[in-house]
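Enquirer: Pasting a structure here, questions to come.
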Amino acid sequence: MSWKKEYVKWYKIAEEVLAGYIRPLNENEINKFVSQNNWLIIPAGNEKDRKESVIRSDANMYFALSEDGKIDIAIVCNTLESVRRMKNLLHGFHTIEKENFIRELRRLDKRFKTRVVRKIKEHHFAQTPDYETEFEFTTNMIDEDRLLQTFRKIDEIMEESSGEMKQGKSWRTLAPVIDIAYTTIDKDEAEFREILKQLKPAYQIALRIKTDREIAEEIARQDERKNEEKQKRFSEFVQSLKEKGIGGKEYREAIEQWRKENP
């Protein structure tokens, strides 16, 4: 379709601004990421087309070109997997990422909004969903409390959705969506670049948030490294006692003291 070609120009601009976090594509490849509803999801991994990108488990960035000369741009979590993954920002494992994420969102100008949305598919699992805004605020007003409030709203929607599933629904009629930061601008190349530059730091952090499984695996690796380092230090301590000729009761007491100091 000819209207899809308009996305090529804007995608190429995004390639320049988001270098390292966006795949360079040719015109035919770009067209595969444009939906029939007239928006483009930016692939961050090895997705081959839009269908693969929309089901990925991390946050995504999209933009939509309207006929009235506007562009919608957002970082969004629009699948259950991506919403759950983003909630891991609250995990102690991601303390640094959470602090940096809040800082970068607070640097956005007042054009950006953050919102929690109810995605509703009341009649059929494959229908085009309806969207209802549940909670919204100006993004640069975010702080620890608003972040927690955002995920409380997400939890409420998830609980309601699970309740409906228990009543016998064969598909999930309700699901949460997080628009982490969204705005609408004019079709102006300079403004488009500037908006993407503002979003890039937060987008980079969002892509680093790990899944539950990844966090568990990384914690296990960290524990293993700590145990290996502890064993190495213990072996070196024992060797030092031997080299000093320490034995018997004094040796046992030294070992016991080391273990108290290195639990």
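Lettering and numbering for the structure tokens are positional, with chains as A, B, ... in the shown order, residues counted from 1 in each chain, and ligands counted from 1 in the shown order.
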Set the distance at 8 Å and use only C-alpha atoms: which residues neighbour Ala44 (chain A) once local chain neighbours fewer than 4 positions away are removed? I'd like the list as an NGL selection string.
Expert: :A and (21-23 or 60)
Enquirer: Write out as number ranges by chain each polymer residue whose atoms come within 10 Å of region 173-177 of chain A, counting only C-alpha atoms; drop sequence neighbours fewer than 5 positions from it.
Expert: A: 76-80, 82-83, 115-125, 129-134, 153-162, 164-165
Enquirer: Can you tell me which residues surround Asp188 (chain A) at a distance of at most 12 Å, considering only C-alpha atoms, apart from same-chain residues fewer than 3 positions away, and format the answer as a PyMOL selection string?
Expert: chain A and resi 9-10+13+65+69-71+184-185+191-195
Enquirer: I need the alpha helix (DSSP H) residues of region 48-127 of chain A per DSSP on the backbone, written as number ranges by chain.
Expert: A: 50-53, 80-87, 95-106
Enquirer: Given the choices A:Ala181, A:Ala59, A:Ile75, A:Ile142, which gets closest to Lys210 (chain A) if the distance is worked out from only C-alpha atoms?
Expert: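 Nearest to Lys210 (chain A): A:Ala59.
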